[in-house]
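Step one of this worksheet: look at the structure below.
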2 protein chains.
Amino acid sequence: MKETTRGASTARQQILDTASTLFYHNGFRAVGIDTIVEQSGVAKMTLYRYFPSKDDLIVAYLERSNLSFWDWFKQAIAPAGDDSHRQLYALFEGVAALCASPQCLGCTFQHAAADFPSLDHPGHRLALDHKRQALERLREMAANAGAPDPVALAEQLLLLMDGAFVASRMFGKDSHARQVTQAAALLLDTQLPPLH
Amino acid sequence: MKETTRGASTARQQILDTASTLFYHNGFRAVGIDTIVEQSGVAKMTLYRYFPSKDDLIVAYLERSNLSFWDWFKQAIAPAGDDSHRQLYALFEGVAALCASPQCLGCTFQHAAADFPSLDHPGHRLALDHKRQALERLREMAANAGAPDPVALAEQLLLLMDGAFVASRMFGKDSHARQVTQAAALLLDTQLPPLH
DNA sequence: AGTTATATATACAGGTCTGTATAGTGTCAA
DNA sequence: TTGACACTATACAGACCTGTATATATAACT
């Protein structure tokens, strides 16, 4: 049998799209199910069919956000080809550009960790997973680029990246997040062998 | 007339202390007035006498948090004496130590900005004010230390500091926030004239 | 003793929240 | 035509939220 009819998947998509915007802009606790129902144009029972609880919806949103992040990540480093050193430069140019875009409101995983302090909550757990993935990916790139201590470099770079997202959330598109490129470049220049 | 009797000020203090812990741990929206009333041991009407609305209580909390931060700041740079260059080193050793302490749960102004996205909300406004003060203070120190571009250096350092607080909130006391000292030192070494 | 200010206890109004219950509509396929 | 399925519309339960109303107790100062 066809497992999804046309209407079924679009309703779910519509709910998730609406919830994403609302969660990202207003925070998880500030957005009620009723608001998502109204703005998505579906019936409440349809929402609860696809997402049995609000937490389930939050989890679906965060999982999709994680995938979106890695799509963005790949695209940001793509111009640098296969050279990890250049990829890291390109990445932090991408971060600055992202934070300068008007629709950027910081990192949703930061907000999830703050909104759900308990480590048991799936929101906090997914936020942690996301940051661990970021650390691992940065470590890998740093190692490929020849860093003597790739773990340390990756951790320092993630500090800058998260700092940039904080700045973006607080100050908007004209924040000091623009300095992330320069700061990352200095860390890279000091801890990587020179570009050949 | 004496404007405050003994009991009056301790009740207000008790309310503010309790609210501080709860807001910092659980977030602003997650904590209800009734919870603060219960845990502080005062009557609800007493709370509303000192703080006519929850927003007023939040404002009082954030203003006191700002003062606490600058107390901590002064104490963190005190061992470095009057030398701005050494003060900046000491500051970021202090940030790493703070983030490594078990009671650290990140920066409450980050949480305020995320919880209250509207720039009109006093919570967001106070968060912005706090970060602007931090930028200005760092710029001043960078200038005193002889930085050719003190604004840029201050902005880069604030990225690191906020990144460290994010790490602390997410990962707890054993986070990559420890790398903030090393990263800041590299930025300082590159952008300040050498220590005499 | 009497006045005033401070704090308590408790109940409640009116709103919002998550999640459920119920009944009905429209569509597609056998 | 019948039945299965996705979706809609609406009402509601039960909890929690902010803020107020009311009546009372306590303590200090005159």
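In the structure tokens, chains take the letters A, B, ... in the order shown, each chain's residues start at 1, and ligands count up from 1 in the order shown.
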Over every C-alpha pair, in sequence order, do a least-squares fit of chain B onto chain A and save the fitted chain as a PDB file with C-alpha atoms, in the first residue's frame.
```
ATOM      1  CA  MET B   1       0.017  -0.071   0.617  1.00  0.00           C
ATOM      2  CA  LYS B   2       1.207   3.452   0.033  1.00  0.00           C
ATOM      3  CA  GLU B   3       2.033   4.653   3.506  1.00  0.00           C
ATOM      4  CA  THR B   4       1.535   8.348   2.821  1.00  0.00           C
ATOM      5  CA  THR B   5      -1.035  10.041   0.671  1.00  0.00           C
ATOM      6  CA  ARG B   6      -0.359  13.501  -0.649  1.00  0.00           C
ATOM      7  CA  GLY B   7      -2.366  15.345   1.982  1.00  0.00           C
ATOM      8  CA  ALA B   8      -0.886  13.489   4.887  1.00  0.00           C
ATOM      9  CA  SER B   9       2.706  14.522   4.341  1.00  0.00           C
ATOM     10  CA  THR B  10       1.951  18.153   3.534  1.00  0.00           C
ATOM     11  CA  ALA B  11      -0.026  18.578   6.747  1.00  0.00           C
ATOM     12  CA  ARG B  12       2.868  17.248   8.788  1.00  0.00           C
ATOM     13  CA  GLN B  13       5.266  19.462   6.869  1.00  0.00           C
ATOM     14  CA  GLN B  14       3.078  22.488   7.397  1.00  0.00           C
ATOM     15  CA  ILE B  15       2.898  21.877  11.128  1.00  0.00           C
ATOM     16  CA  LEU B  16       6.642  21.415  11.402  1.00  0.00           C
ATOM     17  CA  ASP B  17       7.386  24.507   9.340  1.00  0.00           C
ATOM     18  CA  THR B  18       5.102  26.666  11.437  1.00  0.00           C
ATOM     19  CA  ALA B  19       6.402  25.247  14.704  1.00  0.00           C
ATOM     20  CA  SER B  20       9.980  25.823  13.571  1.00  0.00           C
ATOM     21  CA  THR B  21       9.468  29.502  12.967  1.00  0.00           C
ATOM     22  CA  LEU B  22       7.588  30.001  16.202  1.00  0.00           C
ATOM     23  CA  PHE B  23      10.005  28.007  18.357  1.00  0.00           C
ATOM     24  CA  TYR B  24      13.021  29.718  16.863  1.00  0.00           C
ATOM     25  CA  HIS B  25      11.629  33.202  17.235  1.00  0.00           C
ATOM     26  CA  ASN B  26       9.837  32.982  20.551  1.00  0.00           C
ATOM     27  CA  GLY B  27      11.294  30.040  22.424  1.00  0.00           C
ATOM     28  CA  PHE B  28       9.879  26.644  23.240  1.00  0.00           C
ATOM     29  CA  ARG B  29       7.945  27.462  26.363  1.00  0.00           C
ATOM     30  CA  ALA B  30       6.549  30.677  24.951  1.00  0.00           C
ATOM     31  CA  VAL B  31       4.798  28.971  22.063  1.00  0.00           C
ATOM     32  CA  GLY B  32       1.569  27.089  22.727  1.00  0.00           C
ATOM     33  CA  ILE B  33       0.084  24.265  20.724  1.00  0.00           C
ATOM     34  CA  ASP B  34      -2.970  26.390  19.976  1.00  0.00           C
ATOM     35  CA  THR B  35      -0.803  29.028  18.330  1.00  0.00           C
ATOM     36  CA  ILE B  36       0.880  26.438  16.140  1.00  0.00           C
ATOM     37  CA  VAL B  37      -2.531  25.036  15.214  1.00  0.00           C
ATOM     38  CA  GLU B  38      -3.868  28.450  14.288  1.00  0.00           C
ATOM     39  CA  GLN B  39      -0.892  29.569  12.250  1.00  0.00           C
ATOM     40  CA  SER B  40      -0.385  26.283  10.451  1.00  0.00           C
ATOM     41  CA  GLY B  41      -4.021  26.139   9.421  1.00  0.00           C
ATOM     42  CA  VAL B  42      -4.501  22.504  10.388  1.00  0.00           C
ATOM     43  CA  ALA B  43      -6.811  21.019  12.958  1.00  0.00           C
ATOM     44  CA  LYS B  44      -5.582  20.315  16.447  1.00  0.00           C
ATOM     45  CA  MET B  45      -6.293  16.619  16.119  1.00  0.00           C
ATOM     46  CA  THR B  46      -4.127  16.467  13.022  1.00  0.00           C
ATOM     47  CA  LEU B  47      -1.222  17.918  14.924  1.00  0.00           C
ATOM     48  CA  TYR B  48      -1.641  15.399  17.713  1.00  0.00           C
ATOM     49  CA  ARG B  49      -1.856  12.594  15.188  1.00  0.00           C
ATOM     50  CA  TYR B  50       1.631  13.346  13.873  1.00  0.00           C
ATOM     51  CA  PHE B  51       3.119  14.563  17.135  1.00  0.00           C
ATOM     52  CA  PRO B  52       1.541  12.849  20.148  1.00  0.00           C
ATOM     53  CA  SER B  53       2.945  15.471  22.525  1.00  0.00           C
ATOM     54  CA  LYS B  54       4.579  18.869  22.423  1.00  0.00           C
ATOM     55  CA  ASP B  55       7.888  17.285  23.355  1.00  0.00           C
ATOM     56  CA  ASP B  56       7.627  15.036  20.309  1.00  0.00           C
ATOM     57  CA  LEU B  57       7.138  18.097  18.159  1.00  0.00           C
ATOM     58  CA  ILE B  58      10.127  19.779  19.767  1.00  0.00           C
ATOM     59  CA  VAL B  59      12.234  16.690  19.138  1.00  0.00           C
ATOM     60  CA  ALA B  60      11.192  16.575  15.492  1.00  0.00           C
ATOM     61  CA  TYR B  61      12.008  20.270  15.143  1.00  0.00           C
ATOM     62  CA  LEU B  62      15.442  19.903  16.708  1.00  0.00           C
ATOM     63  CA  GLU B  63      16.283  16.851  14.634  1.00  0.00           C
ATOM     64  CA  ARG B  64      15.364  18.675  11.467  1.00  0.00           C
ATOM     65  CA  SER B  65      17.304  21.734  12.623  1.00  0.00           C
ATOM     66  CA  ASN B  66      20.345  19.552  13.105  1.00  0.00           C
ATOM     67  CA  LEU B  67      20.056  18.274   9.549  1.00  0.00           C
ATOM     68  CA  SER B  68      19.612  21.813   8.260  1.00  0.00           C
ATOM     69  CA  PHE B  69      22.699  22.898  10.113  1.00  0.00           C
ATOM     70  CA  TRP B  70      24.820  20.224   8.463  1.00  0.00           C
ATOM     71  CA  ASP B  71      23.408  21.094   5.069  1.00  0.00           C
ATOM     72  CA  TRP B  72      24.445  24.660   5.683  1.00  0.00           C
ATOM     73  CA  PHE B  73      27.819  23.485   6.948  1.00  0.00           C
ATOM     74  CA  LYS B  74      28.564  21.485   3.835  1.00  0.00           C
ATOM     75  CA  GLN B  75      27.549  24.324   1.627  1.00  0.00           C
ATOM     76  CA  ALA B  76      29.665  26.798   3.599  1.00  0.00           C
ATOM     77  CA  ILE B  77      32.877  24.813   3.199  1.00  0.00           C
ATOM     78  CA  ALA B  78      32.192  23.673  -0.362  1.00  0.00           C
ATOM     79  CA  PRO B  79      34.032  26.581  -2.059  1.00  0.00           C
ATOM     80  CA  ALA B  80      37.212  25.516  -0.264  1.00  0.00           C
ATOM     81  CA  GLY B  81      37.369  22.171  -1.997  1.00  0.00           C
ATOM     82  CA  ASP B  82      39.114  19.319  -0.183  1.00  0.00           C
ATOM     83  CA  ASP B  83      41.662  21.331   1.762  1.00  0.00           C
ATOM     84  CA  SER B  84      40.691  21.218   5.454  1.00  0.00           C
ATOM     85  CA  HIS B  85      42.718  24.288   6.265  1.00  0.00           C
ATOM     86  CA  ARG B  86      40.861  26.344   3.685  1.00  0.00           C
ATOM     87  CA  GLN B  87      37.598  24.739   4.692  1.00  0.00           C
ATOM     88  CA  LEU B  88      38.034  26.058   8.230  1.00  0.00           C
ATOM     89  CA  TYR B  89      38.619  29.558   6.935  1.00  0.00           C
ATOM     90  CA  ALA B  90      35.572  29.289   4.710  1.00  0.00           C
ATOM     91  CA  LEU B  91      33.493  27.940   7.572  1.00  0.00           C
ATOM     92  CA  PHE B  92      34.068  30.967   9.746  1.00  0.00           C
ATOM     93  CA  GLU B  93      33.437  33.319   6.886  1.00  0.00           C
ATOM     94  CA  GLY B  94      30.164  31.463   6.571  1.00  0.00           C
ATOM     95  CA  VAL B  95      29.389  31.876  10.269  1.00  0.00           C
ATOM     96  CA  ALA B  96      29.924  35.620  10.043  1.00  0.00           C
ATOM     97  CA  ALA B  97      27.725  35.828   6.963  1.00  0.00           C
ATOM     98  CA  LEU B  98      25.014  33.738   8.600  1.00  0.00           C
ATOM     99  CA  CYS B  99      25.014  35.895  11.725  1.00  0.00           C
ATOM    100  CA  ALA B 100      24.810  39.015   9.588  1.00  0.00           C
ATOM    101  CA  SER B 101      21.670  37.829   7.845  1.00  0.00           C
ATOM    102  CA  PRO B 102      18.490  39.393   9.193  1.00  0.00           C
ATOM    103  CA  GLN B 103      16.691  36.089   9.729  1.00  0.00           C
ATOM    104  CA  CYS B 104      19.409  34.755  12.033  1.00  0.00           C
ATOM    105  CA  LEU B 105      18.367  34.637  15.650  1.00  0.00           C
ATOM    106  CA  GLY B 106      21.216  32.638  17.073  1.00  0.00           C
ATOM    107  CA  CYS B 107      21.557  28.936  17.708  1.00  0.00           C
ATOM    108  CA  THR B 108      18.377  27.074  18.534  1.00  0.00           C
ATOM    109  CA  PHE B 109      20.330  24.389  20.398  1.00  0.00           C
ATOM    110  CA  GLN B 110      21.634  26.974  22.813  1.00  0.00           C
ATOM    111  CA  HIS B 111      18.047  27.988  23.465  1.00  0.00           C
ATOM    112  CA  ALA B 112      16.981  24.374  23.904  1.00  0.00           C
ATOM    113  CA  ALA B 113      19.712  23.761  26.460  1.00  0.00           C
ATOM    114  CA  ALA B 114      18.710  26.887  28.360  1.00  0.00           C
ATOM    115  CA  ASP B 115      14.975  26.179  28.181  1.00  0.00           C
ATOM    116  CA  PHE B 116      15.370  22.565  29.280  1.00  0.00           C
ATOM    117  CA  PRO B 117      18.042  22.521  31.979  1.00  0.00           C
ATOM    118  CA  SER B 118      17.494  18.902  32.915  1.00  0.00           C
ATOM    119  CA  LEU B 119      19.925  16.637  31.124  1.00  0.00           C
ATOM    120  CA  ASP B 120      17.172  14.038  30.911  1.00  0.00           C
ATOM    121  CA  HIS B 121      14.949  16.183  28.759  1.00  0.00           C
ATOM    122  CA  PRO B 122      15.182  15.209  25.093  1.00  0.00           C
ATOM    123  CA  GLY B 123      15.595  18.867  24.170  1.00  0.00           C
ATOM    124  CA  HIS B 124      18.756  19.193  26.204  1.00  0.00           C
ATOM    125  CA  ARG B 125      20.019  15.822  25.053  1.00  0.00           C
ATOM    126  CA  LEU B 126      19.609  16.711  21.378  1.00  0.00           C
ATOM    127  CA  ALA B 127      21.336  20.033  21.951  1.00  0.00           C
ATOM    128  CA  LEU B 128      24.271  18.249  23.524  1.00  0.00           C
ATOM    129  CA  ASP B 129      24.386  15.739  20.697  1.00  0.00           C
ATOM    130  CA  HIS B 130      24.465  18.550  18.186  1.00  0.00           C
ATOM    131  CA  LYS B 131      27.361  20.327  19.866  1.00  0.00           C
ATOM    132  CA  ARG B 132      29.261  17.085  20.249  1.00  0.00           C
ATOM    133  CA  GLN B 133      28.874  16.457  16.538  1.00  0.00           C
ATOM    134  CA  ALA B 134      30.167  19.949  15.867  1.00  0.00           C
ATOM    135  CA  LEU B 135      33.176  19.388  18.115  1.00  0.00           C
ATOM    136  CA  GLU B 136      33.946  16.108  16.429  1.00  0.00           C
ATOM    137  CA  ARG B 137      33.656  17.567  12.940  1.00  0.00           C
ATOM    138  CA  LEU B 138      35.890  20.494  13.817  1.00  0.00           C
ATOM    139  CA  ARG B 139      38.411  18.155  15.423  1.00  0.00           C
ATOM    140  CA  GLU B 140      38.458  16.064  12.280  1.00  0.00           C
ATOM    141  CA  MET B 141      39.077  19.094  10.110  1.00  0.00           C
ATOM    142  CA  ALA B 142      41.751  20.418  12.460  1.00  0.00           C
ATOM    143  CA  ALA B 143      43.495  17.058  12.419  1.00  0.00           C
ATOM    144  CA  ASN B 144      43.366  16.889   8.635  1.00  0.00           C
ATOM    145  CA  ALA B 145      44.831  20.369   8.480  1.00  0.00           C
ATOM    146  CA  GLY B 146      47.762  19.243  10.570  1.00  0.00           C
ATOM    147  CA  ALA B 147      46.976  20.740  13.963  1.00  0.00           C
ATOM    148  CA  PRO B 148      49.286  19.468  16.688  1.00  0.00           C
ATOM    149  CA  ASP B 149      46.380  19.518  19.152  1.00  0.00           C
ATOM    150  CA  PRO B 150      43.200  19.202  17.085  1.00  0.00           C
ATOM    151  CA  VAL B 151      40.926  18.716  20.101  1.00  0.00           C
ATOM    152  CA  ALA B 152      42.045  21.974  21.679  1.00  0.00           C
ATOM    153  CA  LEU B 153      41.708  23.852  18.418  1.00  0.00           C
ATOM    154  CA  ALA B 154      38.252  22.420  17.778  1.00  0.00           C
ATOM    155  CA  GLU B 155      37.108  23.433  21.250  1.00  0.00           C
ATOM    156  CA  GLN B 156      38.432  26.953  20.823  1.00  0.00           C
ATOM    157  CA  LEU B 157      36.728  27.308  17.463  1.00  0.00           C
ATOM    158  CA  LEU B 158      33.407  26.146  18.880  1.00  0.00           C
ATOM    159  CA  LEU B 159      33.683  28.790  21.589  1.00  0.00           C
ATOM    160  CA  LEU B 160      33.925  31.410  18.856  1.00  0.00           C
ATOM    161  CA  MET B 161      31.059  29.967  16.883  1.00  0.00           C
ATOM    162  CA  ASP B 162      28.712  29.864  19.863  1.00  0.00           C
ATOM    163  CA  GLY B 163      29.817  33.326  20.899  1.00  0.00           C
ATOM    164  CA  ALA B 164      28.891  34.588  17.455  1.00  0.00           C
ATOM    165  CA  PHE B 165      25.415  33.079  17.714  1.00  0.00           C
ATOM    166  CA  VAL B 166      24.914  34.678  21.110  1.00  0.00           C
ATOM    167  CA  ALA B 167      25.921  38.040  19.683  1.00  0.00           C
ATOM    168  CA  SER B 168      23.546  37.553  16.796  1.00  0.00           C
ATOM    169  CA  ARG B 169      20.607  36.781  19.070  1.00  0.00           C
ATOM    170  CA  MET B 170      21.294  39.723  21.339  1.00  0.00           C
ATOM    171  CA  PHE B 171      22.298  42.481  18.988  1.00  0.00           C
ATOM    172  CA  GLY B 172      20.709  41.427  15.712  1.00  0.00           C
ATOM    173  CA  LYS B 173      22.374  41.477  12.336  1.00  0.00           C
ATOM    174  CA  ASP B 174      24.882  44.240  13.088  1.00  0.00           C
ATOM    175  CA  SER B 175      26.521  42.500  15.999  1.00  0.00           C
ATOM    176  CA  HIS B 176      30.134  41.868  16.880  1.00  0.00           C
ATOM    177  CA  ALA B 177      29.618  38.368  15.442  1.00  0.00           C
ATOM    178  CA  ARG B 178      31.322  39.795  12.364  1.00  0.00           C
ATOM    179  CA  GLN B 179      34.614  39.523  14.272  1.00  0.00           C
ATOM    180  CA  VAL B 180      34.345  35.744  14.342  1.00  0.00           C
ATOM    181  CA  THR B 181      36.153  35.397  11.013  1.00  0.00           C
ATOM    182  CA  GLN B 182      39.150  37.391  12.128  1.00  0.00           C
ATOM    183  CA  ALA B 183      39.333  35.688  15.524  1.00  0.00           C
ATOM    184  CA  ALA B 184      39.096  32.219  14.010  1.00  0.00           C
ATOM    185  CA  ALA B 185      41.744  33.103  11.449  1.00  0.00           C
ATOM    186  CA  LEU B 186      44.126  34.097  14.228  1.00  0.00           C
ATOM    187  CA  LEU B 187      43.532  30.824  16.071  1.00  0.00           C
ATOM    188  CA  LEU B 188      44.031  28.879  12.852  1.00  0.00           C
ATOM    189  CA  ASP B 189      47.166  30.778  11.870  1.00  0.00           C
ATOM    190  CA  THR B 190      48.715  30.082  15.250  1.00  0.00           C
ATOM    191  CA  GLN B 191      47.783  26.426  15.486  1.00  0.00           C
ATOM    192  CA  LEU B 192      47.981  25.109  11.963  1.00  0.00           C
ATOM    193  CA  PRO B 193      51.039  24.709   9.739  1.00  0.00           C
ATOM    194  CA  PRO B 194      51.100  27.434   7.073  1.00  0.00           C
ATOM    195  CA  LEU B 195      49.087  26.968   3.906  1.00  0.00           C
ATOM    196  CA  HIS B 196      51.284  25.424   1.211  1.00  0.00           C
TER     197      HIS B 196
END
```
- Counting only C-alpha atoms (C1' of nucleotides), what is within 9 Å of region 9-11 of chain D, bar same-chain residues fewer than 5 positions away, as a PyMOL selection string? (chain A and resi 43) or (chain C and resi 21-24)
Preceding selection exported with C-alpha atoms (C1' of nucleotides) as a compact mmCIF listing (two decimals), in the first residue's frame:
```txt
# COMPACT_ATOMS: atom_id res chain seq x y z
CA ALA A 43 -6.84 21.04 13.07
C1' DA C 21 -13.41 13.52 23.45
C1' DT C 22 -16.91 13.69 20.05
C1' DA C 23 -19.12 14.40 15.94
C1' DG C 24 -18.87 15.47 11.27
```
List every residue of chain B that DSSP, applied to the backbone of this structure, places in helix (DSSP H, G or I), and write the result as a short mmCIF file (atom, residue, chain, number, x, y, z; two decimals) with C-alpha atoms, in the first residue's frame.
```cif
data_model
loop_
_atom_site.label_atom_id
_atom_site.label_comp_id
_atom_site.auth_asym_id
_atom_site.auth_seq_id
_atom_site.Cartn_x
_atom_site.Cartn_y
_atom_site.Cartn_z
CA ARG B 6 14.33 45.11 59.82
CA GLY B 7 11.66 42.71 58.62
CA ALA B 8 10.85 44.64 55.51
CA SER B 9 14.27 44.45 53.91
CA THR B 10 14.89 40.80 54.76
CA ALA B 11 11.62 39.75 53.15
CA ARG B 12 12.54 41.53 49.95
CA GLN B 13 16.01 40.02 50.08
CA GLN B 14 14.61 36.56 50.65
CA ILE B 15 12.27 36.87 47.68
CA LEU B 16 15.04 38.11 45.42
CA ASP B 17 17.44 35.40 46.52
CA THR B 18 14.91 32.66 45.90
CA ALA B 19 13.85 34.11 42.56
CA SER B 20 17.48 34.39 41.49
CA THR B 21 18.20 30.74 42.03
CA LEU B 22 15.01 29.63 40.35
CA PHE B 23 15.34 31.95 37.35
CA TYR B 24 18.96 31.03 36.82
CA HIS B 25 18.39 27.31 37.05
CA ASN B 26 15.07 26.92 35.30
CA ILE B 33 5.23 33.30 41.10
CA ASP B 34 3.64 30.62 43.27
CA THR B 35 6.86 28.63 43.27
CA ILE B 36 8.87 31.66 44.33
CA VAL B 37 6.33 32.35 47.07
CA GLU B 38 6.50 28.80 48.36
CA GLN B 39 10.26 28.49 48.34
CA SER B 40 10.95 31.92 49.77
CA LYS B 44 2.17 36.21 48.04
CA MET B 45 0.98 39.68 48.94
CA THR B 46 4.40 40.50 50.34
CA LEU B 47 6.00 39.59 47.06
CA TYR B 48 3.58 41.77 45.13
CA ARG B 49 4.20 44.62 47.54
CA TYR B 50 7.90 44.73 46.66
CA LYS B 54 6.75 39.41 37.56
CA ASP B 55 8.56 41.61 35.06
CA ASP B 56 9.54 43.94 37.89
CA LEU B 57 10.99 41.00 39.75
CA ILE B 58 12.88 39.90 36.65
CA VAL B 59 14.26 43.40 36.21
CA ALA B 60 15.40 43.53 39.83
CA TYR B 61 17.05 40.13 39.42
CA LEU B 62 18.88 41.13 36.25
CA GLU B 63 20.04 44.42 37.71
CA ARG B 64 21.44 42.66 40.73
CA SER B 65 23.02 40.02 38.50
CA ASN B 66 24.74 42.77 36.57
CA LEU B 67 26.19 44.19 39.77
CA SER B 68 27.31 40.73 40.85
CA PHE B 69 29.01 40.21 37.54
CA TRP B 70 31.05 43.39 37.92
CA ASP B 71 31.97 42.46 41.46
CA TRP B 72 33.24 39.17 40.15
CA PHE B 73 35.00 40.95 37.31
CA LYS B 74 36.89 43.27 39.62
CA GLN B 75 37.90 40.43 41.83
CA ALA B 76 39.05 38.35 38.86
CA ILE B 77 41.43 41.00 37.55
CA ALA B 78 42.60 42.20 40.96
CA PRO B 79 45.65 39.88 41.17
CA ALA B 80 46.99 41.48 37.99
CA SER B 84 45.71 46.04 31.60
CA HIS B 85 47.56 43.43 29.61
CA ARG B 86 47.93 41.20 32.64
CA GLN B 87 44.40 41.99 33.71
CA LEU B 88 43.08 40.57 30.44
CA TYR B 89 45.03 37.37 30.97
CA ALA B 90 43.74 37.12 34.52
CA LEU B 91 40.19 37.80 33.37
CA PHE B 92 40.11 34.83 31.05
CA GLU B 93 41.69 32.59 33.62
CA GLY B 94 38.83 33.71 35.81
CA VAL B 95 36.25 32.90 33.13
CA ALA B 96 37.61 29.38 32.78
CA ALA B 97 37.59 28.91 36.54
CA LEU B 98 34.05 30.25 36.81
CA CYS B 99 32.79 27.94 34.07
CA ALA B 100 34.48 25.00 35.76
CA THR B 108 21.78 34.65 32.65
CA PHE B 109 21.75 37.56 30.20
CA GLN B 110 22.03 35.17 27.30
CA HIS B 111 19.00 33.36 28.67
CA ALA B 112 17.11 36.62 29.13
CA ALA B 113 17.77 37.64 25.54
CA ALA B 114 16.59 34.25 24.31
CA ASP B 115 13.53 34.15 26.56
CA PRO B 122 13.03 45.09 29.73
CA GLY B 123 14.66 41.67 30.03
CA HIS B 124 16.16 41.90 26.57
CA ARG B 125 17.08 45.53 27.06
CA LEU B 126 18.97 44.82 30.28
CA ALA B 127 20.76 41.92 28.63
CA LEU B 128 21.88 44.19 25.82
CA ASP B 129 22.98 46.85 28.27
CA HIS B 130 25.04 44.29 30.14
CA LYS B 131 26.83 43.07 27.03
CA ARG B 132 27.45 46.62 25.87
CA GLN B 133 29.05 47.39 29.21
CA ALA B 134 31.22 44.31 28.83
CA LEU B 135 32.28 45.36 25.33
CA GLU B 136 33.12 48.83 26.53
CA ARG B 137 35.13 47.58 29.49
CA LEU B 138 37.08 45.15 27.34
CA ARG B 139 37.72 47.87 24.77
CA GLU B 140 39.03 50.12 27.49
CA MET B 141 41.38 47.45 28.76
CA ALA B 142 42.53 46.58 25.24
CA ALA B 143 43.23 50.23 24.53
CA ASN B 144 45.18 50.62 27.76
CA PRO B 150 40.88 47.77 20.68
CA VAL B 151 37.28 47.55 19.45
CA ALA B 152 38.02 44.51 17.31
CA LEU B 153 39.95 42.83 20.09
CA ALA B 154 37.21 43.52 22.62
CA GLU B 155 34.59 42.06 20.30
CA GLN B 156 36.66 38.94 19.69
CA LEU B 157 37.21 38.45 23.40
CA LEU B 158 33.50 38.77 24.13
CA LEU B 159 32.80 36.08 21.55
CA LEU B 160 35.07 33.76 23.52
CA MET B 161 33.54 34.68 26.84
CA ASP B 162 29.98 34.07 25.66
CA GLY B 163 31.05 30.87 23.96
CA ALA B 164 32.47 29.67 27.26
CA PHE B 165 29.20 30.37 29.06
CA VAL B 166 27.27 28.48 26.40
CA ALA B 167 29.60 25.52 26.82
CA SER B 168 29.17 25.67 30.56
CA ARG B 169 25.38 25.64 30.34
CA MET B 170 25.32 22.77 27.88
CA PHE B 171 28.02 20.46 29.10
CA HIS B 176 35.36 22.88 26.57
CA ALA B 177 34.98 26.28 28.28
CA ARG B 178 38.36 25.46 29.81
CA GLN B 179 39.91 26.31 26.42
CA VAL B 180 38.83 29.93 26.76
CA THR B 181 42.05 30.88 28.55
CA GLN B 182 44.28 29.51 25.84
CA ALA B 183 42.19 30.98 23.03
CA ALA B 184 42.08 34.41 24.65
CA ALA B 185 45.82 34.29 25.26
CA LEU B 186 46.42 33.65 21.57
CA LEU B 187 44.22 36.58 20.58
CA LEU B 188 45.98 38.80 23.11
CA ASP B 189 49.46 37.69 22.07
CA THR B 190 48.69 38.48 18.45
CA GLN B 191 47.02 41.83 19.01
#
```
- Message: Residues of chain D within 10 Å of chain B, counting only C-alpha atoms (C1' of nucleotides), what are they? List them as an MDAnalysis selection string.
- Response: chainID D and resid 16:20 27:28
- Task: Considering only C-alpha atoms (C1' of nucleotides), extract the chain C residues located within 12 Å of chain A and return them as an MDAnalysis selection string.
- Result: chainID C and resid 16:22 26:29
The selected residues should be written to file as a PDB file, in the first residue's frame (atoms: C-alpha atoms (C1' of nucleotides)).
```pdb
ATOM      1  C1'  DT C  16      -3.683  30.149  29.121  1.00  0.00           C
ATOM      2  C1'  DC C  17      -1.694  25.695  28.847  1.00  0.00           C
ATOM      3  C1'  DT C  18      -1.587  20.582  27.178  1.00  0.00           C
ATOM      4  C1'  DG C  19      -4.099  17.007  25.773  1.00  0.00           C
ATOM      5  C1'  DT C  20      -8.674  14.457  24.901  1.00  0.00           C
ATOM      6  C1'  DA C  21     -13.405  13.519  23.450  1.00  0.00           C
ATOM      7  C1'  DT C  22     -16.913  13.686  20.049  1.00  0.00           C
ATOM      8  C1'  DG C  26     -14.480  14.944   2.165  1.00  0.00           C
ATOM      9  C1'  DT C  27     -11.940  11.615  -0.691  1.00  0.00           C
ATOM     10  C1'  DC C  28     -10.451   7.546  -2.638  1.00  0.00           C
ATOM     11  C1'  DA C  29     -10.844   2.673  -3.667  1.00  0.00           C
TER      12       DA C  29
END
```
